[in-house]
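Each remark here refers to the structure printed beneath this line.
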Amino acid sequence: MSILKVARMGHPVLRAKARPLEKSEIRSGALQKLIDDMLDTMSEYHGVGLAAPQVHEGIRIFVAALDAGDDDQEDTEPIVVINPEITVVGTDVVDDWEGCLSIPDIRGRVPRAREITVRALDRNGARIELGAHDFPARVIQHETDHLDGVLFFDRMTSLASMTFLDEYSRYWRKTDD
Ligand SMILES: [Zn+2]
């Protein structure tokens, strides 16, 4: 396994629409290696999610560690999500902080649907359906946006909360983190 280079904001791959994967491609050795490398890369850079376009691959796949940031919870296996289709549940929208490995050292407040369901394929090509709310739902929406060339800045309703990481830690981070 290897640590992949992460594309930073400005690289055109982050603005392109990624293509869906065929079921037959999913089981290939090359794709399975990419998934393992994405998991390693996410972990190496302490990300909670990583989408294929962020590692220069224009395909609809992301990985996410959905329990990250919550010390009260047991560590669960990261999820691998392929060709996700999100359905918003209800009308609640929550504003909260996001960051992105492709936009290093910046945080901003982004409105996202509180609750969603996701239909997708897992790394074996099997159909999965996930329900998520709050933080995990936010991560899934952020990563799925990457597959459509959308970055979290695009979703901010105001840039007033745009903050460097040092200032975020100093002024805005919740003290119970
Ligand atoms: Zn991101």
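Letters A, B, ... mark the chains of the structure tokens in the order given; residue numbers begin at 1 per chain; ligand numbers begin at 1, in order shown.
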Pick out the residues sitting within 9 Å of Ile128 in chain A, and hand them over as a PDB file with C-alpha atoms, in the first residue's frame; count only C-alpha atoms, and ignore anything fewer than 2 positions along from it in its own chain.
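For reference, out.pdb as written:
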```pdb
ATOM      1  CA  VAL A  81     -18.720   4.014  -1.013  1.00  0.00           C
ATOM      2  CA  VAL A 118     -27.310   6.821   0.571  1.00  0.00           C
ATOM      3  CA  ARG A 119     -27.586   4.045  -1.964  1.00  0.00           C
ATOM      4  CA  ALA A 120     -24.259   2.830  -3.296  1.00  0.00           C
ATOM      5  CA  LEU A 121     -22.031  -0.165  -3.948  1.00  0.00           C
ATOM      6  CA  ASP A 122     -19.423  -1.396  -1.489  1.00  0.00           C
ATOM      7  CA  ALA A 126     -22.621  -5.317  -3.415  1.00  0.00           C
ATOM      8  CA  LEU A 130     -26.855   3.677   4.614  1.00  0.00           C
TER       9      LEU A 130
END
```
May I have the residues within 6 Å of ligand 1, computed using only C-alpha atoms and all ligand atoms, as a PyMOL selection string?
chain A and resi 100-102
Grab the residues selected above and save them as a PDB file, in the first residue's frame with N, CA, C and O atoms.
```
ATOM      1  N   CYS A 100     -11.045  20.321   4.505  1.00  0.00           N
ATOM      2  CA  CYS A 100     -10.871  19.466   3.335  1.00  0.00           C
ATOM      3  C   CYS A 100      -9.380  19.265   3.102  1.00  0.00           C
ATOM      4  O   CYS A 100      -8.624  20.239   3.147  1.00  0.00           O
ATOM      5  N   LEU A 101      -8.974  18.030   2.854  1.00  0.00           N
ATOM      6  CA  LEU A 101      -7.548  17.766   2.612  1.00  0.00           C
ATOM      7  C   LEU A 101      -7.047  18.490   1.368  1.00  0.00           C
ATOM      8  O   LEU A 101      -5.850  18.732   1.234  1.00  0.00           O
ATOM      9  N   SER A 102      -7.958  18.866   0.471  1.00  0.00           N
ATOM     10  CA  SER A 102      -7.564  19.581  -0.746  1.00  0.00           C
ATOM     11  C   SER A 102      -7.517  21.094  -0.544  1.00  0.00           C
ATOM     12  O   SER A 102      -7.099  21.829  -1.444  1.00  0.00           O
TER      13      SER A 102
END
```
So, counting only C-alpha atoms, which residue among A:Ala113, A:Leu147, A:Ala52, A:Ile35 is closest to Val80 in chain A?
A:Ile35
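Within the 7 Å cut-off around range 55-69 of chain A, using only C-alpha atoms and omitting residues fewer than 3 positions from it on the same chain, the listed residues are A:Leu4, A:Lys5, A:Val6, A:Ala7, A:Val13, A:Ala18, A:Arg19, A:Pro20, A:Leu21, A:Leu39, A:Val48, A:Gly49, A:Leu50, A:Ala51, A:Ala52, A:Gln73, A:Asp75, A:Thr76, A:Pro78, A:Ile79, A:Val80, A:Val81, A:Ile82, A:Asn83, A:Pro136, A:Glu143, A:Leu147.
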Which parts of chain A does DSSP call alpha helix (DSSP H) when run on the backbone here, written out as a VMD selection string?
chain A and resid 23 to 26 29 to 44 135 to 147 152 to 155 165 to 167
Can those selected residues be exported to a file as a short mmCIF file (atom, residue, chain, number, x, y, z; two decimals), in the first residue's frame so that it contains N, CA, C and O atoms?
```cif
data_model
loop_
_atom_site.label_atom_id
_atom_site.label_comp_id
_atom_site.auth_asym_id
_atom_site.auth_seq_id
_atom_site.Cartn_x
_atom_site.Cartn_y
_atom_site.Cartn_z
N LYS A 23 -19.64 -2.40 -12.36
CA LYS A 23 -19.45 -3.46 -11.36
C LYS A 23 -18.21 -4.30 -11.63
O LYS A 23 -17.48 -4.69 -10.73
N SER A 24 -17.96 -4.57 -12.93
CA SER A 24 -16.82 -5.42 -13.30
C SER A 24 -15.48 -4.78 -12.94
O SER A 24 -14.50 -5.47 -12.68
N GLU A 25 -15.44 -3.45 -12.92
CA GLU A 25 -14.18 -2.76 -12.59
C GLU A 25 -13.87 -2.84 -11.10
O GLU A 25 -12.70 -2.78 -10.70
N ILE A 26 -14.94 -2.96 -10.29
CA ILE A 26 -14.77 -2.81 -8.85
C ILE A 26 -13.89 -3.91 -8.27
O ILE A 26 -13.09 -3.67 -7.38
N GLY A 29 -7.93 -5.85 -9.47
CA GLY A 29 -6.82 -5.64 -8.55
C GLY A 29 -6.43 -4.18 -8.45
O GLY A 29 -6.14 -3.67 -7.37
N ALA A 30 -6.47 -3.48 -9.60
CA ALA A 30 -6.06 -2.08 -9.61
C ALA A 30 -7.00 -1.24 -8.74
O ALA A 30 -6.57 -0.37 -7.98
N LEU A 31 -8.31 -1.52 -8.84
CA LEU A 31 -9.25 -0.73 -8.05
C LEU A 31 -9.16 -1.07 -6.57
O LEU A 31 -9.24 -0.19 -5.71
N GLN A 32 -9.00 -2.35 -6.27
CA GLN A 32 -8.86 -2.74 -4.86
C GLN A 32 -7.62 -2.12 -4.23
O GLN A 32 -7.63 -1.70 -3.08
N LYS A 33 -6.55 -2.03 -5.02
CA LYS A 33 -5.33 -1.37 -4.52
C LYS A 33 -5.57 0.12 -4.30
O LYS A 33 -5.14 0.69 -3.30
N LEU A 34 -6.29 0.74 -5.25
CA LEU A 34 -6.60 2.17 -5.09
C LEU A 34 -7.38 2.40 -3.79
O LEU A 34 -7.10 3.33 -3.05
N ILE A 35 -8.36 1.53 -3.53
CA ILE A 35 -9.16 1.66 -2.30
C ILE A 35 -8.25 1.57 -1.07
O ILE A 35 -8.33 2.40 -0.16
N ASP A 36 -7.37 0.56 -1.04
CA ASP A 36 -6.46 0.42 0.11
C ASP A 36 -5.55 1.64 0.25
O ASP A 36 -5.31 2.12 1.36
N ASP A 37 -5.09 2.14 -0.89
CA ASP A 37 -4.22 3.33 -0.85
C ASP A 37 -4.99 4.56 -0.38
O ASP A 37 -4.44 5.40 0.35
N MET A 38 -6.26 4.67 -0.80
CA MET A 38 -7.07 5.81 -0.34
C MET A 38 -7.29 5.73 1.18
O MET A 38 -7.24 6.75 1.87
N LEU A 39 -7.53 4.53 1.69
CA LEU A 39 -7.71 4.36 3.14
C LEU A 39 -6.43 4.75 3.88
O LEU A 39 -6.47 5.45 4.89
N ASP A 40 -5.29 4.31 3.35
CA ASP A 40 -4.00 4.67 3.96
C ASP A 40 -3.76 6.17 3.91
O ASP A 40 -3.24 6.76 4.86
N THR A 41 -4.08 6.77 2.77
CA THR A 41 -3.84 8.19 2.57
C THR A 41 -4.72 9.01 3.51
O THR A 41 -4.25 9.97 4.15
N MET A 42 -5.98 8.63 3.63
CA MET A 42 -6.90 9.32 4.54
C MET A 42 -6.36 9.26 5.97
O MET A 42 -6.35 10.26 6.69
N SER A 43 -5.92 8.09 6.37
CA SER A 43 -5.42 7.90 7.72
C SER A 43 -4.13 8.70 7.95
O SER A 43 -3.96 9.37 8.97
N GLU A 44 -3.22 8.65 6.96
CA GLU A 44 -1.93 9.35 7.07
C GLU A 44 -2.13 10.85 7.31
O GLU A 44 -1.43 11.46 8.10
N PHE A 135 -23.04 14.51 11.93
CA PHE A 135 -21.66 14.50 11.41
C PHE A 135 -21.44 13.50 10.25
O PHE A 135 -20.92 13.89 9.20
N PRO A 136 -21.84 12.24 10.41
CA PRO A 136 -21.62 11.31 9.27
C PRO A 136 -22.36 11.75 8.00
O PRO A 136 -21.83 11.61 6.89
N ALA A 137 -23.56 12.30 8.16
CA ALA A 137 -24.31 12.78 6.99
C ALA A 137 -23.57 13.93 6.32
O ALA A 137 -23.52 14.04 5.09
N ARG A 138 -22.95 14.78 7.14
CA ARG A 138 -22.16 15.90 6.61
C ARG A 138 -20.97 15.39 5.81
O ARG A 138 -20.69 15.86 4.70
N VAL A 139 -20.27 14.41 6.35
CA VAL A 139 -19.09 13.87 5.66
C VAL A 139 -19.50 13.25 4.32
O VAL A 139 -18.86 13.48 3.28
N ILE A 140 -20.58 12.49 4.33
CA ILE A 140 -21.03 11.82 3.10
C ILE A 140 -21.43 12.86 2.04
O ILE A 140 -21.10 12.72 0.85
N GLN A 141 -22.09 13.94 2.46
CA GLN A 141 -22.46 14.98 1.50
C GLN A 141 -21.22 15.69 0.95
O GLN A 141 -21.14 15.98 -0.24
N HIS A 142 -20.25 15.96 1.84
CA HIS A 142 -19.01 16.62 1.41
C HIS A 142 -18.26 15.76 0.38
O HIS A 142 -17.82 16.26 -0.66
N GLU A 143 -18.15 14.46 0.68
CA GLU A 143 -17.39 13.57 -0.21
C GLU A 143 -18.13 13.34 -1.53
O GLU A 143 -17.51 13.28 -2.60
N THR A 144 -19.45 13.22 -1.47
CA THR A 144 -20.22 13.04 -2.71
C THR A 144 -20.11 14.29 -3.58
O THR A 144 -20.02 14.20 -4.81
N ASP A 145 -20.08 15.47 -2.96
CA ASP A 145 -19.85 16.70 -3.71
C ASP A 145 -18.56 16.64 -4.52
O ASP A 145 -18.50 17.12 -5.66
N HIS A 146 -17.49 16.06 -3.93
CA HIS A 146 -16.22 15.96 -4.65
C HIS A 146 -16.38 15.20 -5.97
O HIS A 146 -15.67 15.47 -6.94
N LEU A 147 -17.32 14.25 -6.00
CA LEU A 147 -17.51 13.45 -7.22
C LEU A 147 -18.18 14.26 -8.33
O LEU A 147 -18.17 13.87 -9.49
N PHE A 152 -16.31 22.57 -0.65
CA PHE A 152 -17.19 23.08 0.41
C PHE A 152 -17.37 24.59 0.36
O PHE A 152 -18.41 25.10 0.77
N PHE A 153 -16.39 25.31 -0.18
CA PHE A 153 -16.56 26.76 -0.33
C PHE A 153 -17.82 27.08 -1.14
O PHE A 153 -18.51 28.06 -0.88
N ASP A 154 -18.10 26.23 -2.13
CA ASP A 154 -19.25 26.47 -3.01
C ASP A 154 -20.56 26.42 -2.25
O ASP A 154 -21.56 26.98 -2.69
N ARG A 155 -20.57 25.70 -1.14
CA ARG A 155 -21.80 25.49 -0.36
C ARG A 155 -21.96 26.51 0.75
O ARG A 155 -23.00 26.54 1.41
N LEU A 165 -6.73 27.30 10.23
CA LEU A 165 -6.82 26.26 11.24
C LEU A 165 -6.33 26.75 12.62
O LEU A 165 -6.97 26.46 13.65
N ASP A 166 -5.25 27.51 12.66
CA ASP A 166 -4.75 28.01 13.96
C ASP A 166 -5.80 28.88 14.64
O ASP A 166 -6.03 28.76 15.85
N GLU A 167 -6.41 29.76 13.85
CA GLU A 167 -7.42 30.65 14.42
C GLU A 167 -8.69 29.88 14.78
O GLU A 167 -9.37 30.19 15.76
#
```
